[in-house]
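Single-structure report; data block below.
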Amino acid sequence: MNSLNFTLSMNTTFVRPPFFYIRGLNNLPYAKYYYVFLCFVFIVSVLGNSFVMFSIYKERSFHTPKYFSVFNLALADLGESTALIPNLIAMFLFDSQYISFDACLANMFFVFFFSSLQSLTLTILAYDRLVAICLPLRYHAIITMQAMTVILTVVWAYNSVLLILMVSLVPRLSFCKSIVVESYFCDHGPIFRMACNDNHVNLIMGIINMILLLYVPLFLTVLSYVFISGALFKIASWEGRFKAIKTCSAHLIMVAIYYMPILSIYMAGLFFPIQPNVRIMNTSFSKAITPMMNPIIYVLNTEEFKEFIKKLFRRKKKTQQK
């Protein structure tokens with residue numbers, strides 16, 4: 001590994017390495033079993049999210065603003081899995097942890113883009129539930145296909161601009177000491193910290209993106225549920241409250257699965273130092289498992305999807321009988 005860490009003479013002003021070395025999971029005990037697990041997770045993620053997208057496209061009753069945003073979430077899940085897991089599996093199968101400079105920037109953009117898109121889409125779904133429970137009579141006037149198209153277009157543009165800015169600032173950095181990325185993908189933080197020249201702009205951009213793409217969506221989601229809780233207390237019957245809560249259950253579980261691993265590792269880091277392997281294991285597991293679990297949770301907790309699956313089985317039976 002020492003051959004990958006190099007120091008150039010002080011008069012060298014700018015160094016752009018042809019490639020980086022992703023340390024990844026090679027220092028983890030029993031890493032090969034984890035790679036097998038990731039392969040399983042990737043297959044389930046692709047099948048699950050493809051099924052959700054196919055169902056929404058095929059079933060006319062799903063052609064609504066709410067399911068338009070669910071389609072967007074499934075697309076984000078599929079995108080993140082595809083941007084992250086195949087590269088990890090390729091590292092294991094071909095024992096090659098090198099990645100070219102340009103490919104590394106592309107990997108950084110797409111992993112962060114689809115991960116942030118998940119966060120933003122969960123906030124849109126929280127807004128949908130807020131209007132449905134707090135303003136049920138005006139729901140169809142407020143949440144229209146046109147309104148949802150505008151919201152999703154703004155979210156894609158907002159996400160793209162912030163991440164293009166972040167990634168475009170990396171080529172200005174000089175990497176004269178090391179090319180070893182202490183992460184399992186081309187992570188922004190570990191890469192800009194390797195720079196020999198001034199990286200304060202990259203640090204500030206990283207913090208801004210973390211606030212705007214992680215904490216602000218989380219705050220808006222929590223705020224939505226504060227208002228939803230207030231509306232639930234105004235419902236007289238327990239049956240009415242339970243029915244309203246049930247419509248939010250799938251979304252709440254998805255929010256918990258997405259945010260809890262991320263927040264737990266950040267909170268733990270405030271009080272004691274975290275070993276790199278622990279951080280890598282936690283973040284890689286959460287980023288892999290969330291896209292797999294989202295379609296499973298949605299299908300199992302949504303009556304419309306259950307009915308659609310029953311309809312598919314009935315059609316299959318009729319076809320076999322013929």
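So you can find residues: chains in the structure tokens are A, B, ... in the order shown, residues in each start at 1, and ligands are numbered from 1 in order.
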
Note to self: Report as a list in words all protein, DNA and RNA residues lying within 12 Å of region 58-60 of chain A, evaluated on only C-alpha atoms, omitting residues in the same chain fewer than 5 positions from it.
What the structure shows: Ser50, Phe51, Val52, Met53, Tyr67, Phe68, Phe71, Glu304, Phe305, Glu307, Phe308, Ile309, Lys311 and Leu312 of chain A

Can you write just those residues out, N, CA and C atoms, as a CSV table (one decimal), in the first residue's frame?
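To be explicit, this is the file written out as part_29.csv:
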chain,number,residue,atom,x,y,z
A,50,SER,N,-37.9,-2.6,-10.0
A,50,SER,CA,-38.5,-2.7,-11.3
A,50,SER,C,-39.9,-3.1,-11.3
A,51,PHE,N,-40.3,-4.0,-10.3
A,51,PHE,CA,-41.7,-4.4,-10.2
A,51,PHE,C,-42.6,-3.2,-9.8
A,52,VAL,N,-42.1,-2.4,-8.9
A,52,VAL,CA,-42.9,-1.2,-8.5
A,52,VAL,C,-43.1,-0.3,-9.7
A,53,MET,N,-42.0,0.0,-10.4
A,53,MET,CA,-42.1,0.9,-11.6
A,53,MET,C,-43.0,0.3,-12.7
A,67,TYR,N,-48.5,8.2,-6.8
A,67,TYR,CA,-47.7,7.1,-7.3
A,67,TYR,C,-46.7,7.6,-8.4
A,68,PHE,N,-46.9,8.8,-8.9
A,68,PHE,CA,-45.8,9.4,-9.7
A,68,PHE,C,-44.6,9.6,-8.8
A,71,PHE,N,-43.0,6.3,-8.0
A,71,PHE,CA,-42.2,5.9,-9.2
A,71,PHE,C,-40.8,6.5,-9.1
A,304,GLU,N,-53.3,-1.0,-2.3
A,304,GLU,CA,-53.4,-0.9,-3.8
A,304,GLU,C,-52.5,-1.9,-4.5
A,305,PHE,N,-51.3,-2.0,-3.9
A,305,PHE,CA,-50.3,-3.0,-4.5
A,305,PHE,C,-50.7,-4.4,-4.2
A,307,GLU,N,-53.7,-5.5,-4.0
A,307,GLU,CA,-54.8,-5.8,-5.0
A,307,GLU,C,-54.3,-6.0,-6.4
A,308,PHE,N,-53.3,-5.2,-6.7
A,308,PHE,CA,-52.6,-5.4,-8.1
A,308,PHE,C,-52.0,-6.7,-8.2
A,309,ILE,N,-51.3,-7.2,-7.1
A,309,ILE,CA,-50.7,-8.5,-7.2
A,309,ILE,C,-51.7,-9.6,-7.3
A,311,LYS,N,-54.6,-9.3,-8.6
A,311,LYS,CA,-55.1,-9.2,-10.0
A,311,LYS,C,-54.2,-9.9,-11.0
A,312,LEU,N,-52.9,-9.8,-10.8
A,312,LEU,CA,-51.9,-10.4,-11.7
A,312,LEU,C,-52.1,-12.0,-11.6

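Residues in contact with Leu152 (chain A) at up to 9 Å, not including ones fewer than 3 positions away on its chain and judged by only C-alpha atoms, are Ser69, Asn72, Thr121, Ile124, Ala147, Met148, Thr149, Val155, Trp156 and Ala157 of chain A.
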
How would the residues just picked look written out with all heavy atoms as a PDB file, in the first residue's frame?
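Here's the written file out-v9.pdb:
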ATOM      1  N   SER A  69     -44.758  10.114  -7.614  1.00  0.00           N
ATOM      2  CA  SER A  69     -43.622  10.324  -6.715  1.00  0.00           C
ATOM      3  C   SER A  69     -43.061   9.003  -6.199  1.00  0.00           C
ATOM      4  O   SER A  69     -41.851   8.881  -5.985  1.00  0.00           O
ATOM      5  CB  SER A  69     -44.017  11.236  -5.544  1.00  0.00           C
ATOM      6  OG  SER A  69     -45.107  10.706  -4.833  1.00  0.00           O
ATOM      7  N   ASN A  72     -40.813   7.808  -8.788  1.00  0.00           N
ATOM      8  CA  ASN A  72     -39.557   8.557  -8.685  1.00  0.00           C
ATOM      9  C   ASN A  72     -38.660   7.973  -7.592  1.00  0.00           C
ATOM     10  O   ASN A  72     -37.438   7.883  -7.760  1.00  0.00           O
ATOM     11  CB  ASN A  72     -39.854  10.027  -8.393  1.00  0.00           C
ATOM     12  CG  ASN A  72     -38.643  10.917  -8.591  1.00  0.00           C
ATOM     13  OD1 ASN A  72     -38.203  11.139  -9.721  1.00  0.00           O
ATOM     14  ND2 ASN A  72     -38.088  11.426  -7.499  1.00  0.00           N
ATOM     15  N   THR A 121     -37.383  12.860  -2.310  1.00  0.00           N
ATOM     16  CA  THR A 121     -38.657  12.224  -2.674  1.00  0.00           C
ATOM     17  C   THR A 121     -39.435  11.815  -1.437  1.00  0.00           C
ATOM     18  O   THR A 121     -40.672  11.898  -1.409  1.00  0.00           O
ATOM     19  CB  THR A 121     -38.419  11.009  -3.592  1.00  0.00           C
ATOM     20  OG1 THR A 121     -37.605  11.404  -4.700  1.00  0.00           O
ATOM     21  CG2 THR A 121     -39.734  10.460  -4.117  1.00  0.00           C
ATOM     22  N   ILE A 124     -41.272  14.795  -0.404  1.00  0.00           N
ATOM     23  CA  ILE A 124     -42.445  15.018  -1.260  1.00  0.00           C
ATOM     24  C   ILE A 124     -43.599  14.112  -0.823  1.00  0.00           C
ATOM     25  O   ILE A 124     -44.754  14.547  -0.743  1.00  0.00           O
ATOM     26  CB  ILE A 124     -42.091  14.759  -2.747  1.00  0.00           C
ATOM     27  CG1 ILE A 124     -41.099  15.812  -3.253  1.00  0.00           C
ATOM     28  CG2 ILE A 124     -43.352  14.782  -3.621  1.00  0.00           C
ATOM     29  CD1 ILE A 124     -40.489  15.492  -4.602  1.00  0.00           C
ATOM     30  N   ALA A 147     -49.017  19.695 -10.779  1.00  0.00           N
ATOM     31  CA  ALA A 147     -48.268  20.182  -9.615  1.00  0.00           C
ATOM     32  C   ALA A 147     -47.133  19.226  -9.270  1.00  0.00           C
ATOM     33  O   ALA A 147     -46.005  19.657  -8.984  1.00  0.00           O
ATOM     34  CB  ALA A 147     -49.201  20.349  -8.418  1.00  0.00           C
ATOM     35  N   MET A 148     -47.400  17.908  -9.300  1.00  0.00           N
ATOM     36  CA  MET A 148     -46.370  16.922  -8.963  1.00  0.00           C
ATOM     37  C   MET A 148     -45.252  16.924 -10.000  1.00  0.00           C
ATOM     38  O   MET A 148     -44.066  16.765  -9.657  1.00  0.00           O
ATOM     39  CB  MET A 148     -46.997  15.529  -8.846  1.00  0.00           C
ATOM     40  CG  MET A 148     -46.051  14.470  -8.303  1.00  0.00           C
ATOM     41  SD  MET A 148     -45.373  14.885  -6.664  1.00  0.00           S
ATOM     42  CE  MET A 148     -46.817  14.652  -5.631  1.00  0.00           C
ATOM     43  N   THR A 149     -45.605  17.114 -11.274  1.00  0.00           N
ATOM     44  CA  THR A 149     -44.583  17.187 -12.327  1.00  0.00           C
ATOM     45  C   THR A 149     -43.652  18.373 -12.097  1.00  0.00           C
ATOM     46  O   THR A 149     -42.424  18.256 -12.222  1.00  0.00           O
ATOM     47  CB  THR A 149     -45.247  17.315 -13.715  1.00  0.00           C
ATOM     48  OG1 THR A 149     -46.115  16.197 -13.925  1.00  0.00           O
ATOM     49  CG2 THR A 149     -44.211  17.362 -14.821  1.00  0.00           C
ATOM     50  N   VAL A 155     -37.113  19.463  -8.080  1.00  0.00           N
ATOM     51  CA  VAL A 155     -36.257  18.633  -7.217  1.00  0.00           C
ATOM     52  C   VAL A 155     -35.074  18.076  -8.002  1.00  0.00           C
ATOM     53  O   VAL A 155     -33.936  18.118  -7.530  1.00  0.00           O
ATOM     54  CB  VAL A 155     -37.099  17.481  -6.592  1.00  0.00           C
ATOM     55  CG1 VAL A 155     -36.209  16.330  -6.125  1.00  0.00           C
ATOM     56  CG2 VAL A 155     -37.903  18.009  -5.414  1.00  0.00           C
ATOM     57  N   TRP A 156     -35.327  17.570  -9.216  1.00  0.00           N
ATOM     58  CA  TRP A 156     -34.232  17.052 -10.049  1.00  0.00           C
ATOM     59  C   TRP A 156     -33.231  18.156 -10.395  1.00  0.00           C
ATOM     60  O   TRP A 156     -32.013  17.929 -10.349  1.00  0.00           O
ATOM     61  CB  TRP A 156     -34.797  16.422 -11.326  1.00  0.00           C
ATOM     62  CG  TRP A 156     -35.225  14.994 -11.144  1.00  0.00           C
ATOM     63  CD1 TRP A 156     -36.286  14.543 -10.425  1.00  0.00           C
ATOM     64  CD2 TRP A 156     -34.608  13.826 -11.701  1.00  0.00           C
ATOM     65  NE1 TRP A 156     -36.380  13.178 -10.495  1.00  0.00           N
ATOM     66  CE2 TRP A 156     -35.367  12.702 -11.278  1.00  0.00           C
ATOM     67  CE3 TRP A 156     -33.500  13.621 -12.525  1.00  0.00           C
ATOM     68  CZ2 TRP A 156     -35.029  11.396 -11.637  1.00  0.00           C
ATOM     69  CZ3 TRP A 156     -33.172  12.313 -12.900  1.00  0.00           C
ATOM     70  CH2 TRP A 156     -33.934  11.220 -12.454  1.00  0.00           C
ATOM     71  N   ALA A 157     -33.740  19.336 -10.746  1.00  0.00           N
ATOM     72  CA  ALA A 157     -32.858  20.460 -11.099  1.00  0.00           C
ATOM     73  C   ALA A 157     -32.059  20.937  -9.881  1.00  0.00           C
ATOM     74  O   ALA A 157     -30.841  21.164  -9.967  1.00  0.00           O
ATOM     75  CB  ALA A 157     -33.696  21.603 -11.668  1.00  0.00           C
TER      76      ALA A 157
END

Notebook entry, point to check: DSSP says alpha helix (DSSP H) for which residues of region 107-259 of chain A? Put them as an MDAnalysis selection string?
Noted result: chainID A and resid 107:134 139:142 145:168 188:192 200:210 216:234 238:259

C-alpha atoms of the current selection, written as a compact mmCIF listing (two decimals), in the first residue's frame:
# COMPACT_ATOMS: atom_id res chain seq x y z
CA ASN A 107 -19.26 7.62 -9.56
CA MET A 108 -19.27 10.37 -6.92
CA PHE A 109 -21.96 12.33 -8.73
CA PHE A 110 -24.35 9.44 -9.38
CA VAL A 111 -24.09 7.87 -5.90
CA PHE A 112 -24.79 11.22 -4.21
CA PHE A 113 -27.40 12.22 -6.79
CA PHE A 114 -29.61 9.15 -6.35
CA SER A 115 -29.08 9.05 -2.57
CA SER A 116 -30.14 12.71 -2.28
CA LEU A 117 -33.05 12.08 -4.64
CA GLN A 118 -34.30 9.44 -2.17
CA SER A 119 -34.22 11.99 0.66
CA LEU A 120 -36.00 14.66 -1.39
CA THR A 121 -38.66 12.22 -2.67
CA LEU A 122 -39.41 11.05 0.88
CA THR A 123 -40.07 14.72 1.72
CA ILE A 124 -42.45 15.02 -1.26
CA LEU A 125 -44.32 11.92 -0.05
CA ALA A 126 -44.51 13.49 3.44
CA TYR A 127 -46.07 16.59 1.85
CA ASP A 128 -48.55 14.34 0.03
CA ARG A 129 -49.57 12.71 3.34
CA LEU A 130 -49.78 16.15 5.01
CA VAL A 131 -52.28 17.44 2.44
CA ALA A 132 -54.22 14.13 2.41
CA ILE A 133 -54.75 14.16 6.21
CA CYS A 134 -54.87 17.87 7.05
CA TYR A 139 -56.37 17.12 -1.72
CA HIS A 140 -57.29 16.57 -5.39
CA ALA A 141 -57.23 20.32 -6.06
CA ILE A 142 -53.74 20.76 -4.53
CA MET A 145 -50.36 15.63 -11.84
CA GLN A 146 -49.31 19.04 -13.12
CA ALA A 147 -48.27 20.18 -9.61
CA MET A 148 -46.37 16.92 -8.96
CA THR A 149 -44.58 17.19 -12.33
CA VAL A 150 -43.43 20.72 -11.44
CA ILE A 151 -42.32 19.64 -7.94
CA LEU A 152 -40.31 16.67 -9.25
CA THR A 153 -38.76 18.75 -12.04
CA VAL A 154 -37.65 21.37 -9.50
CA VAL A 155 -36.26 18.63 -7.22
CA TRP A 156 -34.23 17.05 -10.05
CA ALA A 157 -32.86 20.46 -11.10
CA TYR A 158 -32.12 21.52 -7.49
CA ASN A 159 -30.32 18.22 -6.79
CA SER A 160 -28.37 18.30 -10.06
CA VAL A 161 -27.13 21.90 -9.67
CA LEU A 162 -25.89 21.37 -6.10
CA LEU A 163 -24.07 18.13 -6.91
CA ILE A 164 -22.60 19.36 -10.20
CA LEU A 165 -21.15 22.31 -8.26
CA MET A 166 -19.72 19.98 -5.61
CA VAL A 167 -18.15 17.53 -8.08
CA SER A 168 -16.86 20.26 -10.43
CA HIS A 188 -16.43 13.37 -1.55
CA GLY A 189 -15.12 13.82 2.01
CA PRO A 190 -12.22 11.34 1.93
CA ILE A 191 -11.16 12.60 -1.53
CA PHE A 192 -11.07 16.37 -0.90
CA HIS A 200 -11.83 25.06 2.12
CA VAL A 201 -14.20 25.69 -0.80
CA ASN A 202 -14.76 21.94 -1.13
CA LEU A 203 -15.36 21.64 2.63
CA ILE A 204 -17.92 24.48 2.57
CA MET A 205 -19.67 23.01 -0.49
CA GLY A 206 -19.81 19.61 1.21
CA ILE A 207 -21.40 21.14 4.33
CA ILE A 208 -23.89 23.17 2.25
CA ASN A 209 -24.94 20.05 0.33
CA MET A 210 -25.29 18.04 3.54
CA VAL A 216 -33.48 20.33 5.29
CA PRO A 217 -35.51 17.44 3.77
CA LEU A 218 -35.44 15.67 7.16
CA PHE A 219 -36.61 18.85 8.93
CA LEU A 220 -39.46 19.32 6.42
CA THR A 221 -40.48 15.66 6.78
CA VAL A 222 -40.53 15.90 10.59
CA LEU A 223 -42.44 19.20 10.37
CA SER A 224 -45.04 17.55 8.11
CA TYR A 225 -45.60 14.84 10.70
CA VAL A 226 -45.89 17.42 13.49
CA PHE A 227 -48.82 18.96 11.60
CA ILE A 228 -50.19 15.48 10.80
CA SER A 229 -50.06 14.59 14.53
CA GLY A 230 -52.01 17.76 15.32
CA ALA A 231 -54.65 16.81 12.74
CA LEU A 232 -54.90 13.26 14.14
CA PHE A 233 -55.78 14.55 17.62
CA LYS A 234 -58.72 16.42 16.10
CA TRP A 238 -59.85 5.96 17.31
CA GLU A 239 -60.88 4.09 14.19
CA GLY A 240 -60.47 7.27 12.13
CA ARG A 241 -57.06 7.95 13.68
CA PHE A 242 -55.87 4.40 13.04
CA LYS A 243 -57.00 4.59 9.42
CA ALA A 244 -55.10 7.86 8.91
CA ILE A 245 -51.96 6.49 10.61
CA LYS A 246 -52.12 3.35 8.43
CA THR A 247 -51.86 5.48 5.29
CA CYS A 248 -48.57 6.89 6.65
CA SER A 249 -47.06 3.64 8.01
CA ALA A 250 -45.13 2.63 4.87
CA HIS A 251 -43.70 6.12 4.46
CA LEU A 252 -42.68 6.38 8.14
CA ILE A 253 -40.82 3.05 7.97
CA MET A 254 -38.97 4.14 4.82
CA VAL A 255 -37.99 7.46 6.46
CA ALA A 256 -36.67 5.59 9.52
CA ILE A 257 -34.67 3.10 7.40
CA TYR A 258 -33.13 5.93 5.35
CA TYR A 259 -32.23 8.39 8.12

Next item on the list: Skip region 170-185 of chain A itself and residues of its chain fewer than 2 positions away, then list as an NGL selection string all residues within 8 Å of it, counting only C-alpha atoms.
Entry: :A and (4-8 or 13-17 or 19-25 or 84 or 88 or 107-108 or 166-168 or 187 or 190-192 or 194-199 or 202 or 276 or 280 or 284)

Notebook entry, point to check: In Å, with one decimal, what is the gap from CA of Ile56 (chain A) to CA of Pro295 (chain A)?
Noted result: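 It comes out at 12.1 Å.
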
Notebook entry, point to check: Do you have the CA of Ile99 (chain A)-CA of Thr290 (chain A) distance handy?
Noted result: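 Separating CA of Ile99 (chain A) from CA of Thr290 (chain A) is a distance of 25.4 Å.
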
Notebook entry, point to check: From the set A:Ile297, A:Ile143, A:Ile235, A:Ala90, which residue has the shortest atom-to-atom contact distance to Asn49 (chain A), counting only C-alpha atoms?
Noted result: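 Answer, going by the shortest atom-to-atom distance: A:Ile297.
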
Hey, what's within 8 Å of Ile296 (chain A) if we count only C-alpha atoms and toss same-chain stuff fewer than 4 positions away? As a compact mmCIF listing (two decimals) with N, CA and C atoms, in the first residue's frame, please?
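Dumped everything to part.txt:
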# COMPACT_ATOMS: atom_id res chain seq x y z
N GLY A 48 -37.22 -5.74 -7.13
CA GLY A 48 -38.27 -5.07 -6.36
C GLY A 48 -38.65 -3.72 -6.93
N MET A 292 -33.29 -1.84 -1.26
CA MET A 292 -33.90 -3.17 -1.25
C MET A 292 -35.20 -3.19 -0.46
N LEU A 300 -45.92 -4.46 0.75
CA LEU A 300 -46.56 -5.15 1.88
C LEU A 300 -47.50 -4.26 2.68

Checklist line | Shell of 12 Å around Tyr266 (chain A), only C-alpha atoms, local chain residues under 6 positions omitted, as number ranges by chain | finding: A: 210, 215, 259-260, 272-274, 279, 282-283

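Going from CA of Val46 (chain A) to CA of Leu73 (chain A) covers 13.0 Å.
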
Margin query: What's around Cys39 (chain A) at 9 Å? Count only C-alpha atoms, leave out sequence neighbours fewer than 5 positions away in its own chain, and write the answer as a count of residues only.
Written below: 5

Checklist line | Nearest-residue call for Ala83 (chain A), choices A:Ala103, A:Ser96, A:Arg193, A:Met267, using only C-alpha atoms | finding: A:Ala103
